[in-house]
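Colleague: Below is a structure I'd like to ask you about.
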Amino acid sequence: MPSLTRGYAMSDEGSFGGTWSRRLLERLQRSKVARRLLYHRLFATGFVLFILIVIMAIFAGLLAPHLPNQNNFRYRLGAPNHVFLLGTDGFGRDVLSRVIYGARVSLRIGVMVVVMTGVFGTLIGAVAGSVRVLDNVIMRVMDGLMAFPAILLAIALAATLGASEINAVIALTIAYTPRTARIVRASVLVVRELEYVQAALAVGASYLRVLFRHILANSMAPLIVQLTFIFAVSVLAEAILSFIGVGPPPPTPTWGNIIADGRNYIREAPWICLIPGIAISVTVLGLNLLGDGLRDVLDPRVKVER
C-alpha cells in the first residue's frame, strides 16, 4: 500500500508538472510572437496609425471642436483658419469635426463586417471542409459570388436593400464572406489530415470537439490575417458606397459622403475632399501594414529578414 500511495503521488506530480510545463510553453510561445510583432517594423507602423484613428473615433466628442452637423452659412466654404482649423463645407459645417465623427461610422461598419464575415465565413468553410457531400455544392455557390467583383456586388446589394448603415454592413458581408470561407476551408482540409487530429479521433473524441479545439484553433492564423485585410477593404468600400449614395444617408458624417459633398467645390474648396481622403488612406494603410506584419509573424512559411 505505501508503494501504491507513492506511485499515485508521483503520478499526480507528473501530471501537474506536465500541465504546468505545457502552460509555460504556451506562454513562452505567445510572448515570442508578441516580441516578434513588437519589433516588426511594418506591424508597429500599422498599429500606430490604426490606434490613432481608433482614438480619434472613440474620443470624437472631446476632440471635435464643433458639432458635426452644425450649419453656419456665414462661414460657408471658409478656408482653414483659427476657428475652423481645416475649413468648412458648402453648409458651413466644420470639416475637421465631420472627419473625426466620420471615423466612428467607418470603424463601426468595418468592425461589424469583420465580425459577421469571420463568423459566417468560418462556419461555411468548416462545413465545406468537413462534410465532403456538401463541399462541392457550397464552394460552387461561393465561386458564383466571387465571380462578381466584390465592390460591384456590394453596390448592387446596397442599392437593392436601401441606403442605411445596416444594409451597407449586410452588403459588404455577403460580398466578402466567400473569400473568408475559402481560406477556412483550405486550412480545415490541411489540418484535419495531421497526425494529432487523427490521434484525437482514434481515442474516441467526437469530431465536433476535434473541429473546434484542434482544427479551427490551428486555422486561426490565416483567418486573422484575412480579416485584417477585409477590415481595410470594408473601410474603403464603405466610403465608396457613401460616395455614390447607397451607404449611411446624410446628414450622418461619413468619409465617403463628405467627399461626395465636396466634389462640387473641388476648385474653390479642395480641403473638403482632401481631408477625408487622407483619413481613408491612413486607415487603409495602417490596416494593410498590420495584415502584412501578422502574415510575416504568424505564417511559418514566410521568412522575414531582420
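We name chains A, B, ... following the order of the C-alpha cells; residues begin at 1 in each chain, and ligands are numbered from 1 as shown.
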Within 9 Å of region 276-287 of chain A, counting only C-alpha atoms, which residues show up once you throw out same-chain ones fewer than 2 positions away? Write them as a PyMOL selection string, please.
Modeller: chain A and resi 42-43+45-51+53+95-96+98-99+102-103+228-229+231-233+235-236+239+254-256+258-259+271-274+289-292
Colleague: Can you check which residues of region 65-128 of chain A DSSP gives as helix (DSSP H, G or I) on the backbone and send them as a ChimeraX atom specification?
Modeller: /A:73-75,95-128
Colleague: Can you write just those residues out, C-alpha atoms, as a CSV table (one decimal), in the first residue's frame?
Modeller:
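Ended up saving to out_8.csv:
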chain,number,residue,atom,x,y,z
A,73,PHE,CA,-23.7,79.8,-43.6
A,74,ARG,CA,-21.8,82.9,-42.7
A,75,TYR,CA,-18.6,80.8,-42.9
A,95,VAL,CA,-14.7,69.7,-41.9
A,96,LEU,CA,-12.4,68.6,-39.1
A,97,SER,CA,-15.3,67.8,-36.8
A,98,ARG,CA,-17.1,65.8,-39.6
A,99,VAL,CA,-14.0,63.8,-40.4
A,100,ILE,CA,-13.4,63.0,-36.7
A,101,TYR,CA,-17.0,61.8,-36.3
A,102,GLY,CA,-16.9,60.1,-39.7
A,103,ALA,CA,-14.1,57.8,-38.2
A,104,ARG,CA,-16.8,56.3,-35.9
A,105,VAL,CA,-19.0,55.3,-38.7
A,106,SER,CA,-16.2,53.8,-40.8
A,107,LEU,CA,-14.7,51.8,-38.0
A,108,ARG,CA,-18.1,50.7,-36.7
A,109,ILE,CA,-19.0,49.4,-40.1
A,110,GLY,CA,-15.6,47.8,-40.6
A,111,VAL,CA,-15.8,46.0,-37.2
A,112,MET,CA,-19.3,44.7,-37.9
A,113,VAL,CA,-18.3,43.4,-41.4
A,114,VAL,CA,-15.2,41.7,-39.9
A,115,VAL,CA,-17.2,40.0,-37.2
A,116,MET,CA,-20.0,38.8,-39.4
A,117,THR,CA,-17.6,37.8,-42.2
A,118,GLY,CA,-15.5,35.9,-39.7
A,119,VAL,CA,-18.4,34.1,-38.2
A,120,PHE,CA,-20.2,33.2,-41.4
A,121,GLY,CA,-17.0,32.5,-43.3
A,122,THR,CA,-15.7,30.2,-40.6
A,123,LEU,CA,-19.0,28.3,-40.4
A,124,ILE,CA,-19.3,27.9,-44.1
A,125,GLY,CA,-15.6,27.0,-44.5
A,126,ALA,CA,-15.7,24.5,-41.6
A,127,VAL,CA,-18.8,22.7,-43.0
A,128,ALA,CA,-17.4,22.6,-46.5
Colleague: Can you list, as a list of chain:residue names, every protein, DNA or RNA residue that comes within 12 Å of Leu77 (chain A) when you count only C-alpha atoms, leaving out same-chain residues fewer than 4 positions away?
Modeller: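 The residues that qualify are A:Asn71, A:Asn72, A:Phe73, A:Asn81, A:Phe84, A:Leu86, A:Gly87, A:Thr88, A:Asp89, A:Gly90, A:Phe91, A:Gly92, A:Arg93, A:Asp94, A:Val95, A:Asp261, A:Gly262, A:Asn264, A:Tyr265, A:Ile266, A:Arg267, A:Glu268, A:Ala269, A:Pro270, A:Trp271, A:Ile272.
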Colleague: Save out the residues we just selected, N, CA and C atoms, as an mmCIF file, in the first residue's frame.
Modeller:
data_model
loop_
_atom_site.group_PDB
_atom_site.id
_atom_site.type_symbol
_atom_site.label_atom_id
_atom_site.label_comp_id
_atom_site.auth_asym_id
_atom_site.auth_seq_id
_atom_site.Cartn_x
_atom_site.Cartn_y
_atom_site.Cartn_z
ATOM 1 N N ASN A 71 -24.735 73.901 -38.905
ATOM 2 C CA ASN A 71 -24.617 74.770 -40.082
ATOM 3 C C ASN A 71 -24.253 76.196 -39.653
ATOM 4 N N ASN A 72 -23.403 76.809 -40.473
ATOM 5 C CA ASN A 72 -23.026 78.202 -40.235
ATOM 6 C C ASN A 72 -22.772 78.841 -41.599
ATOM 7 N N PHE A 73 -23.846 79.309 -42.240
ATOM 8 C CA PHE A 73 -23.736 79.796 -43.613
ATOM 9 C C PHE A 73 -22.875 81.057 -43.720
ATOM 10 N N ASN A 81 -8.729 78.239 -40.892
ATOM 11 C CA ASN A 81 -8.359 79.394 -40.084
ATOM 12 C C ASN A 81 -8.321 78.979 -38.625
ATOM 13 N N PHE A 84 -11.980 77.427 -37.675
ATOM 14 C CA PHE A 84 -12.210 76.160 -38.383
ATOM 15 C C PHE A 84 -10.863 75.708 -38.942
ATOM 16 N N LEU A 86 -9.597 73.162 -40.370
ATOM 17 C CA LEU A 86 -9.490 72.548 -41.696
ATOM 18 C C LEU A 86 -10.563 73.071 -42.642
ATOM 19 N N GLY A 87 -11.106 74.223 -42.354
ATOM 20 C CA GLY A 87 -12.073 74.844 -43.237
ATOM 21 C C GLY A 87 -13.485 74.344 -43.026
ATOM 22 N N THR A 88 -14.404 74.858 -43.851
ATOM 23 C CA THR A 88 -15.811 74.468 -43.778
ATOM 24 C C THR A 88 -16.291 73.997 -45.141
ATOM 25 N N ASP A 89 -17.463 73.333 -45.158
ATOM 26 C CA ASP A 89 -18.002 72.814 -46.412
ATOM 27 C C ASP A 89 -19.070 73.748 -46.959
ATOM 28 N N GLY A 90 -19.883 73.261 -47.894
ATOM 29 C CA GLY A 90 -20.889 74.094 -48.540
ATOM 30 C C GLY A 90 -22.013 74.540 -47.637
ATOM 31 N N PHE A 91 -22.156 73.918 -46.464
ATOM 32 C CA PHE A 91 -23.180 74.330 -45.494
ATOM 33 C C PHE A 91 -22.572 75.045 -44.293
ATOM 34 N N GLY A 92 -21.304 75.341 -44.355
ATOM 35 C CA GLY A 92 -20.635 75.993 -43.245
ATOM 36 C C GLY A 92 -20.290 75.059 -42.101
ATOM 37 N N ARG A 93 -20.341 73.751 -42.326
ATOM 38 C CA ARG A 93 -20.014 72.791 -41.273
ATOM 39 C C ARG A 93 -18.500 72.589 -41.203
ATOM 40 N N ASP A 94 -18.007 72.395 -40.001
ATOM 41 C CA ASP A 94 -16.573 72.226 -39.777
ATOM 42 C C ASP A 94 -16.107 70.891 -40.352
ATOM 43 N N VAL A 95 -15.168 70.933 -41.279
ATOM 44 C CA VAL A 95 -14.683 69.722 -41.941
ATOM 45 C C VAL A 95 -13.948 68.821 -40.947
ATOM 46 N N ASP A 261 -19.971 65.452 -50.966
ATOM 47 C CA ASP A 261 -20.438 66.831 -50.814
ATOM 48 C C ASP A 261 -19.432 67.837 -51.351
ATOM 49 N N GLY A 262 -18.153 67.499 -51.255
ATOM 50 C CA GLY A 262 -17.123 68.451 -51.667
ATOM 51 C C GLY A 262 -16.721 68.383 -53.113
ATOM 52 N N ASN A 264 -18.365 69.078 -55.724
ATOM 53 C CA ASN A 264 -18.848 70.227 -56.494
ATOM 54 C C ASN A 264 -18.035 71.488 -56.230
ATOM 55 N N TYR A 265 -17.222 71.442 -55.172
ATOM 56 C CA TYR A 265 -16.431 72.623 -54.811
ATOM 57 C C TYR A 265 -14.941 72.297 -54.842
ATOM 58 N N ILE A 266 -14.559 71.341 -55.700
ATOM 59 C CA ILE A 266 -13.188 70.859 -55.682
ATOM 60 C C ILE A 266 -12.193 71.965 -56.023
ATOM 61 N N ARG A 267 -12.601 72.947 -56.820
ATOM 62 C CA ARG A 267 -11.697 74.044 -57.167
ATOM 63 C C ARG A 267 -11.704 75.139 -56.115
ATOM 64 N N GLU A 268 -12.886 75.490 -55.623
ATOM 65 C CA GLU A 268 -12.968 76.568 -54.644
ATOM 66 C C GLU A 268 -12.531 76.131 -53.252
ATOM 67 N N ALA A 269 -12.840 74.882 -52.898
ATOM 68 C CA ALA A 269 -12.547 74.398 -51.543
ATOM 69 C C ALA A 269 -12.019 72.959 -51.604
ATOM 70 N N PRO A 270 -10.793 72.766 -52.066
ATOM 71 C CA PRO A 270 -10.260 71.397 -52.209
ATOM 72 C C PRO A 270 -10.091 70.666 -50.894
ATOM 73 N N TRP A 271 -10.032 71.394 -49.768
ATOM 74 C CA TRP A 271 -9.829 70.747 -48.475
ATOM 75 C C TRP A 271 -11.003 69.857 -48.073
ATOM 76 N N ILE A 272 -12.192 70.107 -48.626
ATOM 77 C CA ILE A 272 -13.353 69.282 -48.260
ATOM 78 C C ILE A 272 -13.134 67.832 -48.690
#
Colleague: CA of Pro251 (chain A) to CA of Val54 (chain A): how many Å, to one decimal?
Modeller: 21.9 Å
Colleague: To one decimal in Å, tell me the separation between CA of Gln226 (chain A) and CA of Ile138 (chain A).
Modeller: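 Here the two named atoms are 19.9 Å from each other.
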Colleague: Measuring between only C-alpha atoms, which one of A:Ile151, A:Met56, A:Ala34, A:Ala186 shows the shortest distance to Thr173 (chain A)?
Modeller: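 Using only C-alpha atoms, Thr173 (chain A) sits closest to A:Ile151.
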Colleague: Please provide as a ChimeraX atom specification all residues within 7 Å of Ser219 (chain A), with the sequence filter that same-chain residues fewer than 2 positions apart are discarded (counting only C-alpha atoms).
Modeller: /A:184,187-188,215-217,221-223
